[in-house]
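Structure file coords.tsv with TSV, C-alpha atoms:
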```
chain	number	residue	atom	x	y	z
A	218	MET	CA	169.07	137.08	160.87
A	219	ARG	CA	167.52	135.73	157.68
A	220	SER	CA	164.79	133.33	158.73
A	221	MET	CA	163.99	129.98	157.18
A	222	GLY	CA	160.27	129.75	156.49
A	223	GLY	CA	157.51	129.80	153.95
A	224	GLU	CA	159.20	132.37	151.73
A	225	GLN	CA	162.17	130.08	151.18
A	226	VAL	CA	159.94	127.05	150.48
A	227	THR	CA	158.04	129.08	147.91
A	228	GLU	CA	161.29	130.31	146.37
A	229	ALA	CA	162.65	126.78	146.04
A	230	VAL	CA	159.48	125.37	144.49
A	231	ALA	CA	159.12	128.29	142.07
A	232	GLY	CA	162.68	127.72	140.86
A	233	ALA	CA	162.07	124.00	140.48
A	234	VAL	CA	158.85	124.43	138.54
A	235	THR	CA	160.37	127.03	136.22
A	236	VAL	CA	163.13	124.63	135.18
A	237	LEU	CA	161.08	121.45	135.03
A	238	ARG	CA	158.22	122.94	133.01
A	239	THR	CA	160.64	123.27	130.10
A	240	ALA	CA	160.65	119.47	129.79
A	241	VAL	CA	157.08	118.41	130.64
A	242	ASP	CA	156.65	116.92	127.17
A	243	ARG	CA	159.35	114.30	127.90
A	244	ASP	CA	158.59	110.80	129.22
A	245	TRP	CA	159.73	111.17	132.83
A	246	ASP	CA	158.88	107.55	133.62
A	247	ARG	CA	161.59	106.30	131.27
A	248	VAL	CA	164.37	108.58	132.50
A	249	LYS	CA	166.39	107.90	135.64
A	250	ALA	CA	166.75	110.85	138.02
A	251	GLY	CA	170.48	111.49	138.32
A	252	ARG	CA	172.18	109.05	140.68
A	253	LEU	CA	168.89	107.85	142.16
A	254	ASP	CA	167.23	104.54	141.43
A	255	TRP	CA	163.95	106.38	140.91
A	256	SER	CA	162.60	107.70	137.63
A	257	CYS	CA	162.19	111.44	137.15
A	258	ARG	CA	158.43	111.00	137.52
A	259	ARG	CA	158.74	109.09	140.83
A	260	THR	CA	161.17	111.70	142.09
A	261	ALA	CA	158.73	114.54	141.33
A	262	GLU	CA	156.02	112.59	143.13
A	263	HIS	CA	158.33	112.16	146.13
A	264	MET	CA	158.94	115.92	146.33
A	265	ALA	CA	155.20	116.59	146.55
A	266	GLU	CA	154.77	113.76	149.06
A	267	ALA	CA	157.55	115.12	151.29
A	268	LEU	CA	156.03	118.61	151.40
A	269	LEU	CA	152.60	117.19	152.18
A	270	ARG	CA	153.99	114.97	154.94
A	271	TYR	CA	155.85	117.88	156.51
A	272	ALA	CA	152.77	120.08	156.32
A	273	GLY	CA	150.62	117.43	157.97
A	274	GLY	CA	153.11	116.64	160.69
A	275	LEU	CA	153.69	120.27	161.58
A	276	ALA	CA	150.04	121.34	161.43
A	277	GLY	CA	148.94	118.32	163.47
A	278	ARG	CA	151.78	118.65	166.01
A	279	ALA	CA	152.49	114.99	165.26
A	280	GLU	CA	154.22	112.91	167.94
A	281	ARG	CA	155.01	110.05	165.57
A	282	ARG	CA	155.40	109.45	161.85
A	283	LEU	CA	152.09	109.94	160.05
A	284	PRO	CA	150.81	106.82	158.25
A	285	LEU	CA	150.27	108.92	155.14
A	286	THR	CA	150.09	107.43	151.65
A	287	PHE	CA	150.41	109.61	148.59
A	288	GLY	CA	150.43	109.11	144.87
A	289	ILE	CA	149.84	110.91	141.60
A	290	ALA	CA	147.61	109.10	139.12
A	291	LYS	CA	149.52	107.62	136.20
A	292	ASP	CA	147.30	109.35	133.66
A	293	VAL	CA	148.16	112.77	135.08
A	294	GLY	CA	150.63	114.62	132.90
A	295	ASN	CA	153.95	116.01	134.05
A	296	ASP	CA	152.59	119.55	133.88
A	297	ALA	CA	149.79	118.64	136.29
A	298	ALA	CA	152.26	116.85	138.54
A	299	LEU	CA	154.09	120.17	138.92
A	300	ASP	CA	150.76	121.82	139.76
A	301	ILE	CA	150.39	119.27	142.55
A	302	LEU	CA	153.89	120.12	143.78
A	303	GLN	CA	152.89	123.78	143.99
A	304	THR	CA	149.75	122.81	145.91
A	305	THR	CA	151.64	120.81	148.52
A	306	CYS	CA	154.08	123.72	148.73
A	307	ALA	CA	151.18	126.03	149.61
A	308	LEU	CA	150.04	123.61	152.32
A	309	LEU	CA	153.50	123.49	153.91
A	310	VAL	CA	153.83	127.28	153.73
A	311	ALA	CA	150.46	127.67	155.47
A	312	ALA	CA	151.48	125.22	158.20
A	313	ILE	CA	154.77	127.05	158.78
A	314	ARG	CA	153.13	130.46	158.98
A	315	THR	CA	150.46	129.35	161.46
A	316	THR	CA	152.73	127.36	163.77
A	317	PRO	CA	154.26	129.12	166.81
A	318	ARG	CA	158.04	129.15	166.98
A	319	GLU	CA	158.25	126.94	170.07
A	320	VAL	CA	156.12	124.10	168.65
A	321	ARG	CA	157.96	120.97	167.60
A	322	ALA	CA	156.63	117.96	165.73
A	323	PHE	CA	157.99	114.50	165.05
A	324	HIS	CA	160.83	113.88	162.66
A	325	PRO	CA	162.95	110.77	163.13
A	326	TYR	CA	166.48	112.05	162.56
A	327	PRO	CA	168.46	112.69	164.56
A	328	PHE	CA	166.74	113.94	167.70
A	329	ARG	CA	163.09	112.98	167.04
A	330	SER	CA	161.64	116.45	166.43
A	331	ALA	CA	161.89	119.69	164.46
A	332	ASN	CA	160.39	123.17	164.71
A	333	ARG	CA	158.85	125.18	161.88
A	334	GLU	CA	162.26	126.35	160.64
A	335	GLY	CA	163.45	122.76	160.57
A	336	PHE	CA	160.45	121.63	158.52
A	337	ALA	CA	160.92	124.57	156.16
A	338	ALA	CA	164.60	123.72	155.72
A	339	MET	CA	163.84	120.03	155.14
A	340	GLY	CA	161.20	120.94	152.58
A	341	VAL	CA	163.58	123.23	150.72
A	342	THR	CA	166.31	120.58	150.81
A	343	GLU	CA	163.96	117.96	149.35
A	344	VAL	CA	163.03	120.32	146.54
A	345	VAL	CA	166.46	121.62	145.52
A	346	LEU	CA	168.17	118.23	145.70
A	347	HIS	CA	165.50	116.32	143.84
A	348	THR	CA	165.08	119.05	141.26
A	349	HIS	CA	168.81	118.62	140.69
A	350	ASP	CA	168.28	114.87	140.29
A	351	ILE	CA	165.49	115.29	137.75
A	352	ALA	CA	167.33	118.03	135.88
A	353	GLU	CA	170.44	115.88	135.68
A	354	GLY	CA	168.41	113.02	134.26
A	355	LEU	CA	166.71	115.23	131.70
A	356	GLY	CA	169.86	117.16	130.79
A	357	LEU	CA	168.61	120.50	132.15
A	358	ALA	CA	170.71	123.21	133.76
A	359	TYR	CA	169.74	123.93	137.36
A	360	ALA	CA	171.29	125.67	140.35
A	361	PRO	CA	169.35	127.18	143.28
A	362	PRO	CA	170.40	130.53	144.81
A	363	ALA	CA	173.69	130.36	146.72
A	364	GLU	CA	172.22	132.12	149.76
A	365	LEU	CA	169.48	129.51	150.01
A	366	CYS	CA	172.03	126.69	149.90
A	367	GLU	CA	174.17	128.39	152.54
A	368	ASP	CA	171.11	128.65	154.79
A	369	LEU	CA	170.43	124.93	154.40
A	370	LEU	CA	174.02	123.98	155.22
A	371	MET	CA	174.07	126.14	158.37
A	372	ARG	CA	170.75	124.76	159.65
A	373	LEU	CA	170.59	121.12	158.59
A	374	PHE	CA	174.25	120.25	157.99
A	375	PRO	CA	176.09	121.82	160.95
A	376	HIS	CA	178.59	118.96	160.93
A	377	VAL	CA	179.70	119.74	157.36
A	378	ARG	CA	182.69	122.05	156.87
A	379	PRO	CA	181.75	124.87	154.50
A	380	GLY	CA	183.26	124.68	151.05
A	381	PRO	CA	184.21	127.37	148.54
A	382	GLU	CA	180.65	127.51	147.15
A	383	PRO	CA	177.43	126.48	148.98
A	384	TRP	CA	175.67	124.59	146.15
A	385	PRO	CA	178.57	122.24	145.27
A	386	THR	CA	179.12	121.71	149.01
A	387	LEU	CA	175.48	120.73	149.52
A	388	LEU	CA	175.66	118.35	146.56
A	389	TRP	CA	178.84	116.78	147.95
A	390	ALA	CA	177.36	116.51	151.46
A	391	THR	CA	174.39	114.56	150.07
A	392	GLY	CA	176.36	112.20	147.84
A	393	ARG	CA	175.67	114.03	144.60
A	394	GLY	CA	179.04	115.47	143.70
A	395	ASP	CA	182.72	115.76	144.46
A	396	LEU	CA	184.77	118.39	146.27
A	397	PRO	CA	188.54	118.68	145.89
A	398	GLY	CA	190.36	117.26	148.89
A	399	ARG	CA	187.32	115.50	150.34
A	400	GLU	CA	186.33	111.86	150.21
A	401	PRO	CA	183.08	111.03	148.39
A	402	VAL	CA	179.99	110.83	150.59
A	403	THR	CA	178.12	107.53	150.40
A	404	GLU	CA	175.80	107.91	153.41
A	405	TRP	CA	174.40	111.11	154.84
A	406	ARG	CA	171.75	112.56	157.14
A	407	TRP	CA	170.66	116.06	157.93
A	408	SER	CA	170.56	117.23	161.54
A	409	ASN	CA	167.77	119.24	163.16
A	410	ASN	CA	168.73	120.95	166.40
A	411	LEU	CA	168.59	119.07	169.68
A	412	VAL	CA	166.13	120.19	172.39
A	413	VAL	CA	166.53	119.12	176.02
A	414	PRO	CA	163.41	119.79	178.15
A	415	THR	CA	163.23	120.81	181.80
A	416	GLU	CA	160.25	121.67	183.99
A	417	ARG	CA	160.28	125.38	183.14
A	418	LEU	CA	162.66	125.57	180.18
A	419	THR	CA	163.65	124.06	176.89
A	420	LEU	CA	167.34	123.95	176.05
A	421	GLN	CA	167.33	124.62	172.31
A	422	GLY	CA	170.42	123.80	170.28
A	423	VAL	CA	171.86	126.85	168.55
A	424	THR	CA	172.57	126.32	164.85
A	425	PRO	CA	175.58	127.83	163.07
A	426	ALA	CA	173.12	130.22	161.38
A	427	ALA	CA	171.84	131.47	164.74
A	428	ALA	CA	175.35	131.53	166.22
A	429	THR	CA	176.60	133.67	163.34
A	430	ASP	CA	173.86	136.20	164.02
A	431	LEU	CA	174.55	136.19	167.76
A	432	ARG	CA	178.25	136.73	167.18
A	433	MET	CA	177.45	139.73	164.97
A	434	GLY	CA	175.26	141.35	167.65
A	435	GLY	CA	171.87	139.93	166.63
A	436	THR	CA	169.33	137.89	168.56
A	437	GLY	CA	169.98	134.55	166.88
A	438	GLY	CA	166.25	134.36	166.17
A	439	PHE	CA	165.37	134.24	169.88
A	440	GLU	CA	163.32	136.70	171.92
A	441	TRP	CA	165.58	137.58	174.86
A	442	LEU	CA	164.20	138.51	178.26
A	443	ASP	CA	166.40	141.60	178.54
A	444	GLY	CA	166.28	142.36	174.83
A	445	GLU	CA	169.63	140.75	174.08
A	446	PRO	CA	171.82	137.93	175.41
A	447	PHE	CA	174.57	138.27	177.98
A	448	GLU	CA	178.12	138.75	176.70
A	449	GLY	CA	179.10	135.15	177.42
A	450	THR	CA	176.46	133.88	175.00
A	451	ARG	CA	177.95	135.91	172.17
A	452	GLU	CA	181.43	134.62	173.00
A	453	ALA	CA	180.16	131.02	173.02
A	454	ALA	CA	178.43	131.63	169.68
A	455	GLY	CA	181.71	132.83	168.24
A	456	MET	CA	183.41	129.63	169.37
A	457	LEU	CA	180.64	127.60	167.74
A	458	VAL	CA	181.04	129.43	164.43
A	459	LYS	CA	184.81	128.84	164.46
A	460	ALA	CA	184.25	125.13	165.08
A	461	TYR	CA	181.70	125.00	162.24
A	462	GLU	CA	184.04	126.75	159.83
A	463	ALA	CA	186.79	124.29	160.77
A	464	GLY	CA	184.49	121.31	160.24
A	465	VAL	CA	184.77	120.09	163.84
A	466	HIS	CA	181.42	121.31	165.20
A	467	ARG	CA	179.19	118.60	166.65
A	468	PRO	CA	175.71	120.03	167.22
A	469	GLU	CA	174.88	118.05	170.36
A	470	TRP	CA	178.08	119.39	171.95
A	471	GLY	CA	177.48	123.02	171.10
A	472	VAL	CA	175.49	125.86	172.64
A	473	PHE	CA	171.89	125.76	173.88
A	474	ALA	CA	169.59	128.73	174.39
A	475	LEU	CA	167.59	128.47	177.63
A	476	VAL	CA	164.03	129.30	176.63
A	477	ARG	CA	161.20	129.70	179.15
A	478	ARG	CA	158.15	127.58	178.48
A	479	GLU	CA	155.76	130.18	179.87
A	480	ASP	CA	156.50	132.90	177.33
A	481	GLY	CA	159.08	131.61	174.84
A	482	ARG	CA	161.72	134.09	175.97
A	483	ALA	CA	165.38	133.15	176.12
A	484	VAL	CA	166.91	133.74	179.54
A	485	GLY	CA	170.46	132.57	178.95
A	486	SER	CA	172.64	129.94	177.34
A	487	MET	CA	174.46	126.78	178.33
A	488	GLY	CA	176.67	124.40	176.48
A	489	PHE	CA	179.88	122.50	176.04
A	490	HIS	CA	183.36	123.64	175.13
A	491	GLY	CA	183.52	120.80	172.63
A	492	ALA	CA	182.84	117.10	172.22
A	493	PRO	CA	184.05	114.69	174.94
A	494	ASP	CA	187.75	113.79	174.79
A	495	GLU	CA	189.07	110.26	174.48
A	496	GLU	CA	188.64	109.72	178.20
A	497	GLY	CA	184.98	110.77	178.10
A	498	ARG	CA	185.41	114.20	179.67
A	499	ALA	CA	183.51	117.31	178.57
A	500	GLU	CA	183.45	120.83	179.97
A	501	VAL	CA	180.27	122.83	180.42
A	502	GLY	CA	179.66	126.59	180.74
A	503	TYR	CA	176.62	128.86	181.08
A	504	ASP	CA	175.29	132.36	181.67
A	505	LEU	CA	171.98	134.13	182.27
A	506	VAL	CA	170.68	137.57	181.36
A	507	GLU	CA	170.53	139.74	184.45
A	508	GLY	CA	166.73	139.77	184.62
A	509	ALA	CA	166.59	135.96	184.91
A	510	ARG	CA	169.04	135.51	187.76
A	511	GLY	CA	168.00	134.29	191.17
A	512	HIS	CA	165.17	132.05	189.92
A	513	GLY	CA	167.02	128.73	189.71
A	514	TYR	CA	167.01	128.57	185.90
A	515	ALA	CA	170.72	127.79	185.57
A	516	THR	CA	170.58	125.01	188.17
A	517	GLU	CA	167.53	123.47	186.53
A	518	ALA	CA	169.12	123.61	183.10
A	519	LEU	CA	172.46	122.24	184.27
A	520	ARG	CA	170.84	119.29	186.00
A	521	SER	CA	168.96	118.32	182.83
A	522	LEU	CA	171.86	118.87	180.46
A	523	ALA	CA	174.20	116.92	182.74
A	524	ALA	CA	171.72	114.05	182.98
A	525	TRP	CA	171.41	113.98	179.19
A	526	ALA	CA	175.18	113.97	178.70
A	527	LEU	CA	176.02	111.39	181.37
A	528	ALA	CA	173.40	109.02	179.99
A	529	ARG	CA	175.54	108.66	176.86
A	530	ASP	CA	178.15	105.94	176.53
A	531	ASP	CA	180.83	108.39	175.41
A	532	VAL	CA	180.68	110.61	178.52
A	533	GLY	CA	181.96	109.74	181.97
A	534	THR	CA	182.73	113.10	183.56
A	535	LEU	CA	181.58	116.70	183.21
A	536	PHE	CA	183.71	119.62	184.30
A	537	ALA	CA	182.98	123.26	185.06
A	538	THR	CA	185.40	126.06	185.87
A	539	VAL	CA	184.12	128.93	188.02
A	540	GLU	CA	185.85	132.13	189.08
A	541	ARG	CA	186.52	132.41	192.80
A	542	ALA	CA	184.57	135.66	192.98
A	543	ASN	CA	181.49	134.21	191.26
A	544	ILE	CA	179.63	132.92	194.31
A	545	PRO	CA	176.24	132.50	192.54
A	546	SER	CA	177.79	130.31	189.84
A	547	GLN	CA	179.51	128.18	192.46
A	548	GLY	CA	176.08	127.64	193.97
A	549	VAL	CA	174.68	126.55	190.61
A	550	VAL	CA	177.23	123.81	190.03
A	551	THR	CA	177.02	122.62	193.63
A	552	ARG	CA	173.23	122.36	193.55
A	553	ALA	CA	173.50	120.50	190.24
A	554	GLY	CA	175.62	117.82	191.93
A	555	PHE	CA	179.14	118.89	190.99
A	556	THR	CA	181.91	118.75	193.59
A	557	ARG	CA	185.05	120.86	193.78
A	558	VAL	CA	188.11	118.93	192.61
A	559	SER	CA	190.86	121.55	192.27
A	560	GLU	CA	191.62	125.26	192.43
A	561	ASP	CA	194.13	127.90	191.46
A	562	GLU	CA	194.56	131.57	192.25
A	563	GLU	CA	191.60	132.65	190.11
A	564	THR	CA	189.24	129.69	189.68
A	565	TYR	CA	187.70	126.58	191.18
A	566	ALA	CA	187.24	123.41	189.10
A	567	TYR	CA	184.18	121.20	189.62
A	568	ALA	CA	183.37	117.70	188.35
A	569	LEU	CA	180.34	115.46	188.06
A	570	HIS	CA	180.85	111.77	187.39
A	571	ARG	CA	178.47	109.23	185.95
```

Please render this file's structure as structure tokens.
Amino acid sequence: MRSMGGEQVTEAVAGAVTVLRTAVDRDWDRVKAGRLDWSCRRTAEHMAEALLRYAGGLAGRAERRLPLTFGIAKDVGNDAALDILQTTCALLVAAIRTTPREVRAFHPYPFRSANREGFAAMGVTEVVLHTHDIAEGLGLAYAPPAELCEDLLMRLFPHVRPGPEPWPTLLWATGRGDLPGREPVTEWRWSNNLVVPTERLTLQGVTPAAATDLRMGGTGGFEWLDGEPFEGTREAAGMLVKAYEAGVHRPEWGVFALVRREDGRAVGSMGFHGAPDEEGRAEVGYDLVEGARGHGYATEALRSLAAWALARDDVGTLFATVERANIPSQGVVTRAGFTRVSEDEETYAYALHR
């Protein structure tokens, strides 16, 4: 799976600087940046500030928003402002490359944290979108690589149905353009993956990018205890990808990799078959790699995920369907507080109410 990291941040900034250096002799303070209320100069300053803030938050393992102030002196030319952008890019790249995969730092939306891939993706998004804004204001042609835009959509915009081309889709999703057959976007947010902690595990939301790789036989970017996930994880990843492609995927109601805190290895997956229905019912499923079974991981994960779900206003009941022959799985749901509510020739149905 193509990763999202320092290489992509560097690529985005290099492309931005190449385009914007062709107009450094213009008065950026007097030109509005595309549809923004900011000037081109203020927008360039914001790009550098965003990369610096992300670098500081990630490197410092921040637990709250950093009270960081940033500014570029008014007497500094546009050319030097781009040099500063490249410097803050280098700082973010260094922070990404020296931060372990499992580390998360504060970011407010939507789930209060992001890992190094999330910060890399947010940095790239800031750069490509605001370079577009400046270029539009200055009348310059600009378009980042399609593969880079597709990566951003699959990691930060999992709720957005893919369009014919990634760059126009990203512009539409962020209120900067139109797509045939879709209403204009007036408000938007990106979405880092949700993480639900337990005593020994973290349940890490699987992005469409990771799910695509899992469906194709890859690791999804995780280090699996047995070298690869169990078959059920790949099937669940395929369902996630189909939902994403249809535009109905909701990341908090998708698939979670169960990752051990002690060594960062994934031991299984757990997730929902979709968002809650109108009556507040959602179905959950799970599996473990063979080497992780018998240690209580599934029970621990199910208890935490169920508690998270039932604490929401839109969920009243969780369901699980277990084959009659799967005695260990029946034990998992029972220990997690579910009770048997029905049965047929092949399966038992269990429920847990708020």

Best match for closeness to A:Gly508 among A:Trp441, A:Trp405, A:Trp470, A:Ala492, counting all atoms listed in the file: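 That would be A:Trp441, the residue with the smallest distance to A:Gly508.
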
If we count only C-alpha atoms, what is near stretch 231-243 of chain A at a cut-off of 8 Å, once residues fewer than 5 positions away on the same chain are taken out, given as a PyMOL selection string? chain A and resi 294-296+299+303+344-345+348+352+355+357-359+361

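Of the residues under consideration (A:Ala338, A:Val506, A:Leu308, A:Ala526), A:Ala526 shows the shortest atom-to-atom contact distance to A:Glu469 when counting all atoms listed in the file.
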
One number please: atom CA of A:Ala460 to atom CA of A:Pro385, in Å, one decimal.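 Atom CA of A:Pro385 lies 20.8 Å from atom CA of A:Ala460.
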
Using all atoms listed in the file, find the one residue out of A:Thr551, A:Ser521, A:Ser256, A:Ser546 that sits nearest to A:Val413.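 Closest to A:Val413, using all atoms listed in the file: A:Ser521.
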